[in-house]
$ cat protein.cif   # mmCIF, N, CA and C atoms
data_work
#
loop_
_atom_site.label_atom_id
_atom_site.label_comp_id
_atom_site.auth_asym_id
_atom_site.auth_seq_id
_atom_site.Cartn_x
_atom_site.Cartn_y
_atom_site.Cartn_z
N TRP O 1 4.44 -31.57 3.15
CA TRP O 1 3.06 -31.55 3.59
C TRP O 1 2.19 -32.51 2.81
N VAL O 2 2.58 -32.80 1.55
CA VAL O 2 1.81 -33.75 0.74
C VAL O 2 1.85 -35.13 1.39
N VAL O 3 3.01 -35.52 1.88
CA VAL O 3 3.15 -36.83 2.54
C VAL O 3 2.23 -36.90 3.75
N GLU O 4 2.14 -35.81 4.49
CA GLU O 4 1.26 -35.77 5.66
C GLU O 4 -0.20 -35.97 5.24
N ILE O 5 -0.61 -35.30 4.18
CA ILE O 5 -1.98 -35.42 3.70
C ILE O 5 -2.25 -36.84 3.22
N LEU O 6 -1.31 -37.40 2.45
CA LEU O 6 -1.49 -38.77 1.96
C LEU O 6 -1.57 -39.78 3.10
N ALA O 7 -0.94 -39.45 4.21
CA ALA O 7 -0.98 -40.33 5.38
C ALA O 7 -2.22 -40.06 6.24
N GLY O 8 -3.04 -39.11 5.83
CA GLY O 8 -4.26 -38.81 6.56
C GLY O 8 -4.09 -37.83 7.70
N ARG O 9 -2.97 -37.11 7.70
CA ARG O 9 -2.73 -36.14 8.76
C ARG O 9 -2.83 -34.72 8.19
N PHE O 10 -3.70 -33.93 8.76
CA PHE O 10 -3.84 -32.54 8.37
C PHE O 10 -3.63 -31.68 9.59
N HIS O 11 -2.67 -30.78 9.51
CA HIS O 11 -2.39 -29.88 10.62
C HIS O 11 -2.86 -28.49 10.22
N LYS O 12 -3.65 -27.90 11.06
CA LYS O 12 -4.20 -26.57 10.79
C LYS O 12 -3.05 -25.58 10.62
N PRO O 13 -3.03 -24.84 9.51
CA PRO O 13 -1.95 -23.87 9.30
C PRO O 13 -2.05 -22.71 10.28
N GLU O 14 -1.01 -21.92 10.33
CA GLU O 14 -0.95 -20.79 11.26
C GLU O 14 -1.95 -19.70 10.92
N VAL O 15 -2.41 -19.66 9.67
CA VAL O 15 -3.36 -18.62 9.29
C VAL O 15 -4.70 -18.86 9.98
N LEU O 16 -5.49 -17.83 10.02
CA LEU O 16 -6.79 -17.94 10.68
C LEU O 16 -7.77 -18.69 9.80
N LEU O 17 -8.11 -19.88 10.22
CA LEU O 17 -9.14 -20.67 9.55
C LEU O 17 -10.25 -20.91 10.56
N SER O 18 -11.47 -20.77 10.10
CA SER O 18 -12.59 -21.04 11.00
C SER O 18 -12.63 -22.53 11.31
N ASP O 19 -13.31 -22.86 12.38
CA ASP O 19 -13.46 -24.28 12.74
C ASP O 19 -14.20 -25.03 11.64
N SER O 20 -15.21 -24.38 11.03
CA SER O 20 -15.95 -25.06 9.97
C SER O 20 -15.07 -25.30 8.74
N ALA O 21 -14.17 -24.35 8.44
CA ALA O 21 -13.24 -24.54 7.31
C ALA O 21 -12.29 -25.69 7.61
N THR O 22 -11.74 -25.72 8.82
CA THR O 22 -10.82 -26.79 9.21
C THR O 22 -11.52 -28.15 9.17
N ASP O 23 -12.72 -28.22 9.71
CA ASP O 23 -13.47 -29.49 9.70
C ASP O 23 -13.75 -29.96 8.28
N THR O 24 -14.14 -29.03 7.41
CA THR O 24 -14.45 -29.38 6.02
C THR O 24 -13.20 -29.87 5.30
N ILE O 25 -12.08 -29.21 5.51
CA ILE O 25 -10.82 -29.64 4.89
C ILE O 25 -10.46 -31.05 5.35
N LYS O 26 -10.58 -31.30 6.64
CA LYS O 26 -10.27 -32.64 7.17
C LYS O 26 -11.17 -33.70 6.53
N LEU O 27 -12.44 -33.38 6.36
CA LEU O 27 -13.37 -34.34 5.75
C LEU O 27 -13.05 -34.56 4.27
N LEU O 28 -12.60 -33.52 3.58
CA LEU O 28 -12.25 -33.66 2.16
C LEU O 28 -10.95 -34.45 1.96
N LEU O 29 -10.09 -34.46 2.99
CA LEU O 29 -8.79 -35.12 2.87
C LEU O 29 -8.75 -36.50 3.52
N LYS O 30 -9.88 -37.05 3.89
CA LYS O 30 -9.91 -38.40 4.49
C LYS O 30 -9.29 -39.40 3.52
N THR O 31 -8.42 -40.27 4.04
CA THR O 31 -7.79 -41.28 3.18
C THR O 31 -8.75 -42.42 2.86
N ASP O 32 -9.68 -42.68 3.75
CA ASP O 32 -10.70 -43.70 3.50
C ASP O 32 -11.77 -43.08 2.60
N VAL O 33 -11.82 -43.53 1.36
CA VAL O 33 -12.72 -42.94 0.37
C VAL O 33 -14.17 -42.97 0.84
N ALA O 34 -14.57 -44.04 1.48
CA ALA O 34 -15.96 -44.15 1.94
C ALA O 34 -16.30 -43.09 2.98
N ALA O 35 -15.30 -42.64 3.74
CA ALA O 35 -15.52 -41.63 4.78
C ALA O 35 -15.29 -40.21 4.27
N ARG O 36 -14.75 -40.08 3.07
CA ARG O 36 -14.41 -38.77 2.52
C ARG O 36 -15.67 -37.99 2.14
N LEU O 37 -15.66 -36.71 2.45
CA LEU O 37 -16.79 -35.83 2.14
C LEU O 37 -17.05 -35.83 0.64
N GLY O 38 -18.28 -36.12 0.26
CA GLY O 38 -18.67 -36.12 -1.14
C GLY O 38 -18.59 -37.47 -1.81
N CYS O 39 -18.04 -38.47 -1.12
CA CYS O 39 -17.87 -39.80 -1.72
C CYS O 39 -18.88 -40.82 -1.19
N GLY O 40 -19.73 -40.41 -0.30
CA GLY O 40 -20.73 -41.34 0.25
C GLY O 40 -22.01 -41.32 -0.58
N GLU O 41 -23.07 -41.83 0.00
CA GLU O 41 -24.35 -41.92 -0.70
C GLU O 41 -24.89 -40.55 -1.10
N GLN O 42 -24.65 -39.53 -0.28
CA GLN O 42 -25.16 -38.19 -0.58
C GLN O 42 -24.37 -37.50 -1.69
N GLY O 43 -23.17 -37.98 -1.95
CA GLY O 43 -22.33 -37.42 -3.01
C GLY O 43 -22.11 -35.92 -2.85
N TRP O 44 -22.29 -35.20 -3.96
CA TRP O 44 -22.04 -33.76 -4.00
C TRP O 44 -22.92 -33.02 -2.99
N GLY O 45 -24.09 -33.56 -2.71
CA GLY O 45 -24.98 -32.94 -1.73
C GLY O 45 -24.34 -32.82 -0.36
N ALA O 46 -23.53 -33.80 0.01
CA ALA O 46 -22.84 -33.75 1.30
C ALA O 46 -21.85 -32.59 1.35
N VAL O 47 -21.19 -32.33 0.22
CA VAL O 47 -20.24 -31.21 0.16
C VAL O 47 -21.02 -29.90 0.29
N LYS O 48 -22.11 -29.78 -0.46
CA LYS O 48 -22.91 -28.55 -0.41
C LYS O 48 -23.47 -28.29 0.99
N ASN O 49 -23.75 -29.36 1.73
CA ASN O 49 -24.32 -29.21 3.07
C ASN O 49 -23.28 -29.14 4.18
N ALA O 50 -22.00 -29.24 3.83
CA ALA O 50 -20.95 -29.12 4.85
C ALA O 50 -21.04 -27.73 5.48
N SER O 51 -20.73 -27.64 6.75
CA SER O 51 -20.92 -26.38 7.49
C SER O 51 -20.22 -25.19 6.82
N TYR O 52 -19.05 -25.41 6.26
CA TYR O 52 -18.32 -24.30 5.64
C TYR O 52 -19.03 -23.78 4.39
N PHE O 53 -19.62 -24.67 3.61
CA PHE O 53 -20.24 -24.27 2.35
C PHE O 53 -21.71 -23.88 2.49
N ARG O 54 -22.31 -24.14 3.63
CA ARG O 54 -23.73 -23.84 3.81
C ARG O 54 -24.05 -22.37 3.63
N LYS O 55 -23.09 -21.50 3.90
CA LYS O 55 -23.34 -20.06 3.81
C LYS O 55 -23.38 -19.55 2.37
N LEU O 56 -23.00 -20.38 1.40
CA LEU O 56 -23.08 -19.96 0.00
C LEU O 56 -24.53 -19.79 -0.41
N GLU O 57 -24.79 -18.69 -1.10
CA GLU O 57 -26.16 -18.43 -1.55
C GLU O 57 -26.48 -19.20 -2.83
N THR O 58 -25.46 -19.54 -3.59
CA THR O 58 -25.68 -20.22 -4.87
C THR O 58 -24.50 -21.12 -5.19
N TRP O 59 -24.73 -22.11 -6.04
CA TRP O 59 -23.66 -22.95 -6.55
C TRP O 59 -23.50 -22.73 -8.05
N ASN O 60 -24.19 -21.71 -8.57
CA ASN O 60 -24.09 -21.38 -9.98
C ASN O 60 -22.71 -20.77 -10.24
N GLU O 61 -21.96 -21.39 -11.15
CA GLU O 61 -20.58 -20.98 -11.42
C GLU O 61 -20.48 -19.52 -11.83
N ASP O 62 -21.34 -19.08 -12.73
CA ASP O 62 -21.28 -17.69 -13.19
C ASP O 62 -21.51 -16.71 -12.05
N GLU O 63 -22.47 -17.01 -11.20
CA GLU O 63 -22.75 -16.13 -10.07
C GLU O 63 -21.60 -16.13 -9.06
N LEU O 64 -21.01 -17.29 -8.83
CA LEU O 64 -19.88 -17.37 -7.90
C LEU O 64 -18.69 -16.57 -8.39
N LEU O 65 -18.41 -16.64 -9.69
CA LEU O 65 -17.26 -15.93 -10.25
C LEU O 65 -17.46 -14.42 -10.25
N LYS O 66 -18.70 -13.96 -10.33
CA LYS O 66 -19.00 -12.53 -10.34
C LYS O 66 -19.04 -11.93 -8.94
N LYS O 67 -19.19 -12.75 -7.95
CA LYS O 67 -19.39 -12.27 -6.59
C LYS O 67 -18.13 -11.58 -6.06
N ASN O 68 -18.31 -10.40 -5.49
CA ASN O 68 -17.20 -9.69 -4.86
C ASN O 68 -17.00 -10.24 -3.46
N VAL O 69 -15.77 -10.55 -3.14
CA VAL O 69 -15.45 -11.10 -1.83
C VAL O 69 -14.55 -10.12 -1.10
N ALA O 70 -14.91 -9.80 0.10
CA ALA O 70 -14.10 -8.88 0.89
C ALA O 70 -12.80 -9.56 1.30
N ALA O 71 -11.72 -8.80 1.30
CA ALA O 71 -10.42 -9.34 1.71
C ALA O 71 -10.47 -9.72 3.18
N THR O 72 -9.84 -10.84 3.51
CA THR O 72 -9.84 -11.28 4.91
C THR O 72 -8.79 -10.52 5.72
N PHE O 73 -7.83 -9.91 5.04
CA PHE O 73 -6.84 -9.09 5.73
C PHE O 73 -6.34 -8.03 4.76
N SER O 74 -5.75 -7.00 5.30
CA SER O 74 -5.25 -5.91 4.47
C SER O 74 -3.74 -5.85 4.61
N MET O 75 -3.04 -5.89 3.50
CA MET O 75 -1.58 -5.82 3.52
C MET O 75 -1.18 -4.36 3.33
N THR O 76 -0.62 -3.77 4.34
CA THR O 76 -0.22 -2.37 4.25
C THR O 76 1.21 -2.28 3.75
N LYS O 77 1.56 -1.10 3.27
CA LYS O 77 2.92 -0.87 2.80
C LYS O 77 3.92 -1.16 3.92
N GLU O 78 3.58 -0.75 5.13
CA GLU O 78 4.48 -0.97 6.26
C GLU O 78 4.69 -2.45 6.52
N ALA O 79 3.64 -3.24 6.40
CA ALA O 79 3.75 -4.68 6.63
C ALA O 79 4.65 -5.33 5.59
N ILE O 80 4.57 -4.86 4.36
CA ILE O 80 5.40 -5.40 3.30
C ILE O 80 6.85 -4.98 3.49
N VAL O 81 7.06 -3.72 3.81
CA VAL O 81 8.40 -3.17 3.95
C VAL O 81 9.15 -3.79 5.13
N GLU O 82 8.45 -4.16 6.18
CA GLU O 82 9.14 -4.70 7.36
C GLU O 82 9.82 -6.04 7.10
N ASN O 83 9.56 -6.65 5.95
CA ASN O 83 10.21 -7.90 5.60
C ASN O 83 11.63 -7.69 5.06
N PHE O 84 12.00 -6.44 4.83
CA PHE O 84 13.30 -6.14 4.23
C PHE O 84 14.13 -5.28 5.17
N ASP O 85 15.43 -5.40 5.05
CA ASP O 85 16.34 -4.62 5.86
C ASP O 85 16.18 -3.14 5.53
N SER O 86 16.27 -2.30 6.55
CA SER O 86 16.07 -0.86 6.36
C SER O 86 17.12 -0.24 5.44
N SER O 87 18.29 -0.89 5.28
CA SER O 87 19.30 -0.34 4.36
C SER O 87 18.80 -0.35 2.92
N TYR O 88 17.82 -1.20 2.62
CA TYR O 88 17.22 -1.23 1.28
C TYR O 88 15.98 -0.35 1.21
N THR O 89 15.16 -0.39 2.24
CA THR O 89 13.88 0.32 2.18
C THR O 89 14.02 1.82 2.32
N CYS O 90 15.16 2.31 2.82
CA CYS O 90 15.33 3.76 2.95
C CYS O 90 15.85 4.39 1.66
N GLN O 91 16.24 3.58 0.69
CA GLN O 91 16.77 4.11 -0.57
C GLN O 91 15.63 4.55 -1.49
N ASP O 92 15.92 5.59 -2.30
CA ASP O 92 14.96 6.00 -3.32
C ASP O 92 15.07 5.03 -4.49
N PRO O 93 13.95 4.60 -5.02
CA PRO O 93 14.01 3.70 -6.18
C PRO O 93 14.57 4.43 -7.39
N LYS O 94 15.50 3.78 -8.08
CA LYS O 94 16.12 4.38 -9.26
C LYS O 94 16.14 3.36 -10.38
N TRP O 95 15.95 3.84 -11.57
CA TRP O 95 15.98 3.00 -12.76
C TRP O 95 17.24 3.39 -13.52
N ASP O 96 18.18 2.44 -13.69
CA ASP O 96 19.41 2.79 -14.40
C ASP O 96 19.41 2.20 -15.80
N GLU O 97 20.42 2.54 -16.57
CA GLU O 97 20.50 2.11 -17.97
C GLU O 97 20.58 0.59 -18.12
N ALA O 98 21.16 -0.09 -17.15
CA ALA O 98 21.26 -1.55 -17.23
C ALA O 98 19.88 -2.20 -17.24
N GLN O 99 18.90 -1.53 -16.68
CA GLN O 99 17.54 -2.07 -16.65
C GLN O 99 16.75 -1.73 -17.91
N ASN O 100 17.35 -0.97 -18.80
CA ASN O 100 16.68 -0.60 -20.05
C ASN O 100 17.08 -1.50 -21.21
N LEU O 101 17.54 -2.71 -20.90
CA LEU O 101 17.94 -3.64 -21.95
C LEU O 101 16.72 -4.06 -22.75
N PRO O 102 16.90 -4.31 -24.04
CA PRO O 102 15.76 -4.75 -24.85
C PRO O 102 15.26 -6.13 -24.41
N VAL O 103 14.00 -6.38 -24.62
CA VAL O 103 13.38 -7.65 -24.23
C VAL O 103 14.09 -8.83 -24.88
N GLU O 104 14.58 -8.66 -26.08
CA GLU O 104 15.23 -9.74 -26.81
C GLU O 104 16.47 -10.27 -26.09
N THR O 105 17.02 -9.52 -25.14
CA THR O 105 18.22 -9.94 -24.42
C THR O 105 18.02 -11.30 -23.75
N ASP O 106 16.86 -11.55 -23.21
CA ASP O 106 16.58 -12.79 -22.49
C ASP O 106 15.88 -13.83 -23.35
N GLU O 107 15.77 -13.56 -24.63
CA GLU O 107 15.00 -14.43 -25.51
C GLU O 107 15.53 -15.87 -25.53
N ASP O 108 16.86 -16.04 -25.58
CA ASP O 108 17.44 -17.39 -25.64
C ASP O 108 17.14 -18.20 -24.38
N GLU O 109 17.11 -17.54 -23.23
CA GLU O 109 16.83 -18.24 -21.98
C GLU O 109 15.39 -18.71 -21.90
N LEU O 110 14.51 -18.06 -22.65
CA LEU O 110 13.09 -18.42 -22.63
C LEU O 110 12.71 -19.32 -23.79
N PHE O 111 13.65 -19.63 -24.67
CA PHE O 111 13.35 -20.47 -25.82
C PHE O 111 12.87 -21.84 -25.36
N GLY O 112 11.79 -22.31 -25.97
CA GLY O 112 11.27 -23.63 -25.64
C GLY O 112 10.16 -23.62 -24.60
N TYR O 113 9.81 -22.45 -24.10
CA TYR O 113 8.72 -22.35 -23.13
C TYR O 113 7.51 -21.70 -23.77
N GLU O 114 6.34 -22.15 -23.35
CA GLU O 114 5.10 -21.54 -23.81
C GLU O 114 4.46 -20.85 -22.61
N TRP O 115 3.91 -19.68 -22.83
CA TRP O 115 3.32 -18.91 -21.74
C TRP O 115 1.81 -18.88 -21.90
N SER O 116 1.13 -19.33 -20.87
CA SER O 116 -0.33 -19.34 -20.89
C SER O 116 -0.83 -18.94 -19.51
N LYS O 117 -1.55 -17.85 -19.43
CA LYS O 117 -2.10 -17.35 -18.16
C LYS O 117 -1.01 -17.28 -17.09
N PHE O 118 0.13 -16.71 -17.44
CA PHE O 118 1.24 -16.47 -16.53
C PHE O 118 1.87 -17.74 -15.98
N LYS O 119 1.69 -18.86 -16.66
CA LYS O 119 2.30 -20.11 -16.21
C LYS O 119 3.21 -20.61 -17.34
N ALA O 120 4.47 -20.76 -17.04
CA ALA O 120 5.41 -21.23 -18.06
C ALA O 120 5.43 -22.75 -18.08
N THR O 121 5.37 -23.31 -19.26
CA THR O 121 5.48 -24.76 -19.40
C THR O 121 6.49 -25.07 -20.48
N ARG O 122 7.24 -26.11 -20.27
CA ARG O 122 8.25 -26.52 -21.24
C ARG O 122 7.53 -27.09 -22.46
N ALA O 123 7.90 -26.63 -23.64
CA ALA O 123 7.28 -27.09 -24.87
C ALA O 123 7.52 -28.59 -25.05
N ALA O 124 6.53 -29.31 -25.50
CA ALA O 124 6.60 -30.77 -25.63
C ALA O 124 7.62 -31.21 -26.67
N SER O 125 7.87 -30.39 -27.67
CA SER O 125 8.76 -30.79 -28.76
C SER O 125 10.23 -30.74 -28.39
N LEU O 126 10.57 -30.19 -27.24
CA LEU O 126 12.00 -30.07 -26.87
C LEU O 126 12.46 -31.18 -25.99
#

$ encode --input "protein.cif" --output "structure tokens"
Amino acid sequence: WVVEILAGRFHKPEVLLSDSATDTIKLLLKTDVAARLGCGEQGWGAVKNASYFRKLETWNEDELLKKNVAATFSMTKEAIVENFDSSYTCQDPKWDEAQNLPVETDEDELFGYEWSKFKATRAASL
């Protein structure tokens, strides 16, 4: 999909995107920099005035991060379970002794990685 974007082609994904969201994405991904949203004379103002972003009450970072956003869809247990064969989902979950191994068991496999905000990165010194 990256190649498609670099070539200037954006195909609307199967998920529900509003027309204003789709239009804004297309404008942000223009290969011609002069035509790209936010790169013209209006600069950042053009992005703020794009139809998708017009509904924002504020551009203050602190206020945006604190704002509660309603989920666009609800994932039910049934929806999650239907992705797996019933031979697995009908079983009672059990924890056996093999799963009680000490954390140090996998220590060698993780050597050389640094963990930051749940993202593993290979240490530069290795």

$ resolve_selection --input "protein.cif" --expression "the PyMOL selection byres (((chain O and resi 7-21 and name CA) around 9) and name CA)" --output "PyMOL selection string"
chain O and resi 1-6+22-26+29-32+50-53

$ atom_distance --input "protein.cif" --atom1 "atom C of Ser87 of chain O" --atom2 "atom C of Gln99 of chain O"
21.0 Å

$ closest_residue --input "protein.cif" --among "O:Leu28, O:Glu61, O:Ala34, O:Asn83" --to "Val47 of chain O" --atoms "only C-alpha atoms"
O:Leu28

$ atom_distance --input "protein.cif" --atom1 "atom C of Gly40 of chain O" --atom2 "atom N of Leu65 of chain O"
26.6 Å
